[in-house]
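Trainee: Structure file coords.cif, mmCIF, C-alpha atoms, is pasted below:
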```cif
data_input
#
loop_
_atom_site.group_PDB
_atom_site.id
_atom_site.type_symbol
_atom_site.label_atom_id
_atom_site.label_comp_id
_atom_site.auth_asym_id
_atom_site.auth_seq_id
_atom_site.Cartn_x
_atom_site.Cartn_y
_atom_site.Cartn_z
ATOM 1 C CA MET A 1 4.645 -29.442 -10.579
ATOM 2 C CA VAL A 2 7.076 -26.708 -11.638
ATOM 3 C CA PRO A 3 7.393 -23.913 -9.067
ATOM 4 C CA ASP A 4 6.240 -20.451 -10.104
ATOM 5 C CA SER A 5 9.331 -18.443 -11.082
ATOM 6 C CA ARG A 6 7.913 -15.328 -9.355
ATOM 7 C CA ILE A 7 8.342 -17.007 -5.990
ATOM 8 C CA TYR A 8 12.078 -17.374 -6.593
ATOM 9 C CA LYS A 9 12.840 -14.105 -8.405
ATOM 10 C CA ASP A 10 15.976 -12.368 -7.185
ATOM 11 C CA ILE A 11 14.787 -9.741 -4.729
ATOM 12 C CA LYS A 12 17.633 -7.470 -5.861
ATOM 13 C CA SER A 13 15.606 -6.849 -9.033
ATOM 14 C CA LEU A 14 12.612 -5.626 -7.011
ATOM 15 C CA PRO A 15 11.504 -2.169 -8.210
ATOM 16 C CA SER A 16 12.205 0.498 -5.638
ATOM 17 C CA LEU A 17 9.340 2.199 -3.839
ATOM 18 C CA ASN A 18 9.384 4.846 -6.523
ATOM 19 C CA ALA A 19 6.132 5.392 -8.412
ATOM 20 C CA ASP A 20 8.152 6.357 -11.509
ATOM 21 C CA GLU A 21 9.344 2.761 -11.799
ATOM 22 C CA SER A 22 5.902 1.199 -11.487
ATOM 23 C CA LYS A 23 2.847 1.009 -13.708
ATOM 24 C CA TRP A 24 -0.500 1.630 -12.053
ATOM 25 C CA VAL A 25 -4.119 0.752 -12.814
ATOM 26 C CA VAL A 26 -6.979 2.777 -11.312
ATOM 27 C CA SER A 27 -10.432 1.281 -10.909
ATOM 28 C CA GLN A 28 -13.619 2.014 -9.024
ATOM 29 C CA MET A 29 -15.780 -0.568 -7.312
ATOM 30 C CA GLU A 30 -18.187 -0.765 -4.414
ATOM 31 C CA TYR A 31 -17.397 -1.869 -0.902
ATOM 32 C CA LYS A 32 -20.330 -2.249 1.492
ATOM 33 C CA GLY A 33 -22.456 -0.265 -0.957
ATOM 34 C CA LEU A 34 -20.100 2.725 -1.061
ATOM 35 C CA PRO A 35 -17.578 3.823 -3.718
ATOM 36 C CA LEU A 36 -14.064 2.441 -3.443
ATOM 37 C CA ILE A 37 -11.208 3.730 -5.586
ATOM 38 C CA VAL A 38 -8.342 1.254 -6.067
ATOM 39 C CA ARG A 39 -4.910 2.237 -7.355
ATOM 40 C CA ALA A 40 -3.178 -1.052 -8.042
ATOM 41 C CA ASN A 41 0.506 -1.394 -8.800
ATOM 42 C CA TYR A 42 0.449 -3.377 -12.057
ATOM 43 C CA THR A 43 4.188 -4.022 -11.710
ATOM 44 C CA ALA A 44 3.528 -5.819 -8.393
ATOM 45 C CA LYS A 45 1.705 -8.651 -10.187
ATOM 46 C CA ASP A 46 5.099 -10.100 -11.085
ATOM 47 C CA TRP A 47 5.884 -10.447 -7.367
ATOM 48 C CA VAL A 48 2.625 -11.976 -6.060
ATOM 49 C CA GLY A 49 3.408 -14.721 -3.580
ATOM 50 C CA HIS A 50 7.168 -14.111 -3.576
ATOM 51 C CA ARG A 51 8.562 -16.176 -0.729
ATOM 52 C CA LEU A 52 10.529 -13.207 0.659
ATOM 53 C CA LEU A 53 7.654 -10.707 0.481
ATOM 54 C CA SER A 54 5.160 -12.391 2.764
ATOM 55 C CA VAL A 55 4.436 -9.590 5.245
ATOM 56 C CA LYS A 56 1.603 -7.182 4.470
ATOM 57 C CA VAL A 57 1.780 -3.735 6.056
ATOM 58 C CA GLY A 58 -1.215 -1.439 5.773
ATOM 59 C CA CYS A 59 -1.049 2.260 6.605
ATOM 60 C CA ALA A 60 -4.533 3.749 6.952
ATOM 61 C CA ILE A 61 -5.202 7.472 7.060
ATOM 62 C CA PRO A 62 -8.718 8.248 8.343
ATOM 63 C CA PHE A 63 -10.188 11.426 6.840
ATOM 64 C CA LYS A 64 -11.153 14.292 9.113
ATOM 65 C CA LYS A 65 -13.990 15.255 6.762
ATOM 66 C CA PRO A 66 -15.530 11.968 5.584
ATOM 67 C CA SER A 67 -17.765 11.959 2.522
ATOM 68 C CA MET A 68 -20.075 9.459 0.882
ATOM 69 C CA ASN A 69 -18.711 9.942 -2.656
ATOM 70 C CA GLY A 70 -15.517 7.942 -2.087
ATOM 71 C CA LEU A 71 -13.131 10.888 -2.141
ATOM 72 C CA PRO A 72 -11.836 13.372 0.399
ATOM 73 C CA ASP A 73 -12.445 17.071 -0.153
ATOM 74 C CA PRO A 74 -9.702 18.729 -2.271
ATOM 75 C CA ASN A 75 -7.899 20.415 0.655
ATOM 76 C CA GLU A 76 -7.784 17.248 2.709
ATOM 77 C CA ASN A 77 -6.766 15.255 -0.355
ATOM 78 C CA GLU A 78 -3.687 17.482 -0.722
ATOM 79 C CA GLN A 79 -2.723 16.781 2.898
ATOM 80 C CA VAL A 80 -3.265 13.050 2.448
ATOM 81 C CA LEU A 81 -1.149 12.999 -0.725
ATOM 82 C CA ASN A 82 1.663 14.611 1.263
ATOM 83 C CA ILE A 83 1.254 11.943 3.944
ATOM 84 C CA GLU A 84 1.471 9.254 1.255
ATOM 85 C CA ASP A 85 4.814 10.715 0.161
ATOM 86 C CA VAL A 86 6.099 10.593 3.748
ATOM 87 C CA ILE A 87 4.972 6.988 4.196
ATOM 88 C CA VAL A 88 6.568 5.818 0.939
ATOM 89 C CA GLU A 89 9.782 7.671 1.746
ATOM 90 C CA GLU A 90 10.017 6.060 5.192
ATOM 91 C CA PHE A 91 9.326 2.587 3.784
ATOM 92 C CA ARG A 92 12.000 3.124 1.143
ATOM 93 C CA LYS A 93 14.545 4.039 3.832
ATOM 94 C CA ARG A 94 13.752 1.174 6.207
ATOM 95 C CA LEU A 95 12.276 -1.875 4.460
ATOM 96 C CA ILE A 96 12.661 -3.988 1.335
ATOM 97 C CA GLY A 97 9.315 -4.305 -0.401
ATOM 98 C CA LEU A 98 6.847 -2.594 -2.637
ATOM 99 C CA LEU A 99 3.666 -0.580 -2.528
ATOM 100 C CA ALA A 100 1.085 -2.985 -3.962
ATOM 101 C CA PHE A 101 -2.112 -0.943 -3.898
ATOM 102 C CA VAL A 102 -3.901 2.058 -2.422
ATOM 103 C CA LEU A 103 -7.562 2.065 -1.362
ATOM 104 C CA THR A 104 -9.619 5.241 -1.052
ATOM 105 C CA THR A 105 -13.107 5.355 0.401
ATOM 106 C CA GLY A 106 -15.091 8.302 1.657
ATOM 107 C CA THR A 107 -13.682 7.740 5.138
ATOM 108 C CA MET A 108 -10.014 6.816 4.677
ATOM 109 C CA ARG A 109 -7.084 6.023 2.416
ATOM 110 C CA GLU A 110 -4.944 2.929 2.969
ATOM 111 C CA LEU A 111 -1.556 2.153 1.445
ATOM 112 C CA VAL A 112 -0.748 -1.558 1.371
ATOM 113 C CA PHE A 113 2.831 -2.794 1.095
ATOM 114 C CA TYR A 114 4.320 -6.273 0.891
ATOM 115 C CA VAL A 115 7.725 -6.376 2.548
ATOM 116 C CA LYS A 116 10.594 -8.769 3.196
ATOM 117 C CA ASN A 117 10.244 -8.525 6.940
ATOM 118 C CA CYS A 118 9.058 -6.032 9.487
ATOM 119 C CA ASP A 119 11.946 -6.149 11.943
ATOM 120 C CA ASP A 120 12.145 -2.364 11.816
ATOM 121 C CA ILE A 121 8.376 -1.760 11.998
ATOM 122 C CA ASP A 122 8.479 0.058 15.339
ATOM 123 C CA ALA A 123 11.089 2.503 14.067
ATOM 124 C CA LEU A 124 9.097 2.904 10.857
ATOM 125 C CA LYS A 125 5.901 3.718 12.755
ATOM 126 C CA LYS A 126 7.678 6.149 15.053
ATOM 127 C CA SER A 127 9.312 7.960 12.160
ATOM 128 C CA ILE A 128 6.051 8.274 10.222
ATOM 129 C CA LEU A 129 4.087 9.423 13.260
ATOM 130 C CA THR A 130 6.766 11.994 14.099
ATOM 131 C CA ARG A 131 6.571 13.496 10.609
ATOM 132 C CA VAL A 132 2.785 13.438 10.108
ATOM 133 C CA LYS A 133 1.087 16.228 12.040
ATOM 134 C CA THR A 134 -2.242 16.693 10.246
ATOM 135 C CA HIS A 135 -3.787 13.209 10.480
ATOM 136 C CA GLU A 136 -3.759 9.999 12.435
ATOM 137 C CA VAL A 137 -1.987 7.077 10.721
ATOM 138 C CA GLN A 138 -3.000 3.548 11.697
ATOM 139 C CA PHE A 139 -0.865 0.469 11.022
ATOM 140 C CA LEU A 140 -1.746 -3.153 10.352
ATOM 141 C CA VAL A 141 0.932 -5.826 10.023
ATOM 142 C CA ALA A 142 -0.020 -9.359 8.980
ATOM 143 C CA ASN A 143 1.617 -12.407 7.517
ATOM 144 C CA GLU A 144 0.054 -12.801 4.055
ATOM 145 C CA PRO A 145 2.306 -15.012 1.899
ATOM 146 C CA ASN A 146 -0.253 -15.484 -0.885
ATOM 147 C CA TRP A 147 -1.025 -11.770 -1.235
ATOM 148 C CA ASP A 148 -4.756 -12.400 -0.796
ATOM 149 C CA SER A 149 -5.547 -8.701 -0.318
ATOM 150 C CA TYR A 150 -3.763 -7.720 -3.524
ATOM 151 C CA ILE A 151 -5.586 -10.441 -5.452
ATOM 152 C CA ASN A 152 -8.965 -9.386 -3.980
ATOM 153 C CA PHE A 153 -8.600 -5.618 -4.374
ATOM 154 C CA ALA A 154 -6.609 -5.440 -7.578
ATOM 155 C CA PRO A 155 -8.620 -7.663 -9.918
ATOM 156 C CA ALA A 156 -7.795 -5.490 -12.919
ATOM 157 C CA VAL A 157 -4.141 -6.571 -12.854
#
```
The structure given in the file should be rewritten as structure tokens.
Mentor:
Amino acid sequence: MVPDSRIYKDIKSLPSLNADESKWVVSQMEYKGLPLIVRANYTAKDWVGHRLLSVKVGCAIPFKKPSMNGLPDPNENEQVLNIEDVIVEEFRKRLIGLLAFVLTTGTMRELVFYVKNCDDIDALKKSILTRVKTHEVQFLVANEPNWDSYINFAPAV
């Protein structure tokens, strides 16, 4: 069996955590009977299962004003978009990886990254939490070498 070339791609060619360098697909589905908006990084499909990008880091932002329609109210959405910018900026400064997808439900938004390692995760968390004043940010770090979450939530790519 010939190994998948994506697994051995030179990580130096990894797109930066800059949305301008990535192509995105937006889709809507249901999760537990409620609307779920998925923004999937189409460019990330070329990196699925890369041997050096096996750590999944999720950053969830619970909404203060939950809704059942899958979206935050416009004012809160503006705040959450600003938080997204902070999170991406901090990842860019501290870790090698990419933003794979973003989930939005009526109760929260979660940014999911696949990174080379998370040696600096405590400093990353501290920096994000210091800069974000309007909302709580929750973190999940897991070893996920096959990118199961990306494959499950980004079926359009």
Trainee: In Å, how far is it from atom CA of Leu81 of chain A to atom CA of Arg109 of chain A?
Mentor: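 If I compute the distance from atom CA of Leu81 of chain A to atom CA of Arg109 of chain A, I get 9.7 Å.
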Trainee: Between A:Met68, A:Leu124, A:Leu53, A:Leu140, single out the one closest to Leu34 of chain A, counting only C-alpha atoms.
Mentor: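 When distances to Leu34 of chain A are compared using only C-alpha atoms, the smallest one comes from A:Met68.
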Trainee: To one decimal in Å, tell me the separation between atom CA of Asn143 of chain A and atom CA of Asn82 of chain A.
Mentor: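 Between these atoms lies a distance of 27.7 Å.
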Trainee: Would you kindly translate the PyMOL selection byres ((chain A and resi 49) around 9) into the concrete residues it picks from this file, as a list in words?
Mentor: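 Applied to this file, the PyMOL selection byres ((chain A and resi 49) around 9) selects Arg6, Ile7, Asp46, Trp47, Val48, His50, Arg51, Leu52, Leu53, Ser54, Glu144, Pro145, Asn146, Trp147 and Asp148 of chain A.
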Trainee: Can you list, as a compact mmCIF listing (two decimals) with C-alpha atoms, keeping the file's coordinate frame, every protein, DNA or RNA residue that comes within 12 Å of Glu136 of chain A when you count only C-alpha atoms, leaving out same-chain residues fewer than 6 positions away?
Mentor:
```txt
# COMPACT_ATOMS: atom_id res chain seq x y z
CA CYS A 59 -1.05 2.26 6.60
CA ALA A 60 -4.53 3.75 6.95
CA ILE A 61 -5.20 7.47 7.06
CA PRO A 62 -8.72 8.25 8.34
CA PHE A 63 -10.19 11.43 6.84
CA LYS A 64 -11.15 14.29 9.11
CA GLN A 79 -2.72 16.78 2.90
CA VAL A 80 -3.26 13.05 2.45
CA ILE A 83 1.25 11.94 3.94
CA MET A 108 -10.01 6.82 4.68
CA ARG A 109 -7.08 6.02 2.42
CA GLU A 110 -4.94 2.93 2.97
CA LYS A 125 5.90 3.72 12.76
CA ILE A 128 6.05 8.27 10.22
CA LEU A 129 4.09 9.42 13.26
CA THR A 130 6.77 11.99 14.10
```
Trainee: Given the file shown, enumerate the residues that the PyMOL selection byres ((chain A and resi 112) around 7) captures and present them as a PyMOL selection string.
Mentor: chain A and resi 56-59+99-102+110-111+113-114
Trainee: What does the file look like for those residues with C-alpha atoms, as a PDB file, in the coordinates of the input?
Mentor:
```
ATOM      1  CA  LYS A  56       1.603  -7.182   4.470  1.00  0.00           C
ATOM      2  CA  VAL A  57       1.780  -3.735   6.056  1.00  0.00           C
ATOM      3  CA  GLY A  58      -1.215  -1.439   5.773  1.00  0.00           C
ATOM      4  CA  CYS A  59      -1.049   2.260   6.605  1.00  0.00           C
ATOM      5  CA  LEU A  99       3.666  -0.580  -2.528  1.00  0.00           C
ATOM      6  CA  ALA A 100       1.085  -2.985  -3.962  1.00  0.00           C
ATOM      7  CA  PHE A 101      -2.112  -0.943  -3.898  1.00  0.00           C
ATOM      8  CA  VAL A 102      -3.901   2.058  -2.422  1.00  0.00           C
ATOM      9  CA  GLU A 110      -4.944   2.929   2.969  1.00  0.00           C
ATOM     10  CA  LEU A 111      -1.556   2.153   1.445  1.00  0.00           C
ATOM     11  CA  PHE A 113       2.831  -2.794   1.095  1.00  0.00           C
ATOM     12  CA  TYR A 114       4.320  -6.273   0.891  1.00  0.00           C
TER      13      TYR A 114
END
```
Trainee: Is it possible to get the residues within 9 Å of (-13.8, 6.0, 2.4) (coordinates as in the file, counting only C-alpha atoms) written as a list in words?
Mentor: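 The answer, in the requested form, is Leu34, Pro35, Leu36, Ile37, Pro62, Phe63, Pro66, Ser67, Met68, Asn69, Gly70, Leu71, Pro72, Leu103, Thr104, Thr105, Gly106, Thr107, Met108 and Arg109 of chain A.
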Trainee: Go through A:Val137, A:Thr43, A:Val55, A:Asp85 one by one, measure the shortest atom-to-atom distance of each to Lys116 of chain A using all atoms listed in the file, and give the residue with the smallest value.
Mentor: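 Distance minimum relative to Lys116 of chain A lands on A:Val55.
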Trainee: Write out as a list of chain:residue names which residues come within 12 Å of Lys126 of chain A when counting only C-alpha atoms, dropping same-chain ones fewer than 5 positions away.
Mentor: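 Here the qualifying residues turn out to be A:Ile87, A:Glu90, A:Phe91, A:Arg94, A:Asp120, A:Ile121, A:Arg131, A:Val132, A:Val137, A:Gln138, A:Phe139.
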Trainee: Taking the file as I've supplied it (selection: the PyMOL selection byres ((chain A and resi 25) around 12)), which residues are included? Please answer as a list in words.
Mentor: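 Applying the PyMOL selection byres ((chain A and resi 25) around 12) to the structure shown produces Ser22, Lys23, Trp24, Val26, Ser27, Gln28, Ile37, Val38, Arg39, Ala40, Asn41, Tyr42, Thr43, Ala44, Lys45, Ala100, Phe101, Val102, Phe153, Ala154, Pro155, Ala156 and Val157 of chain A.
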Trainee: Would you work out the distance separating atom CA of Ser149 of chain A from atom CA of Asn117 of chain A, expressed in Å to one decimal?
Mentor: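 Distance reported for this atom pair: 17.4 Å.
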Trainee: When distances are computed from all atoms listed in the file, which of A:Leu95, A:His135, A:Gly33, A:Asp122 shows the smallest separation from Asn77 of chain A?
Mentor: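 When distances to Asn77 of chain A are compared using all atoms listed in the file, the smallest one comes from A:His135.
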Trainee: So which one's closest to Tyr150 of chain A, A:Leu98, A:Val86, A:Lys133, A:Tyr31? Using all atoms listed in the file, please.
Mentor: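 Answer, going by the shortest atom-to-atom distance: A:Leu98.
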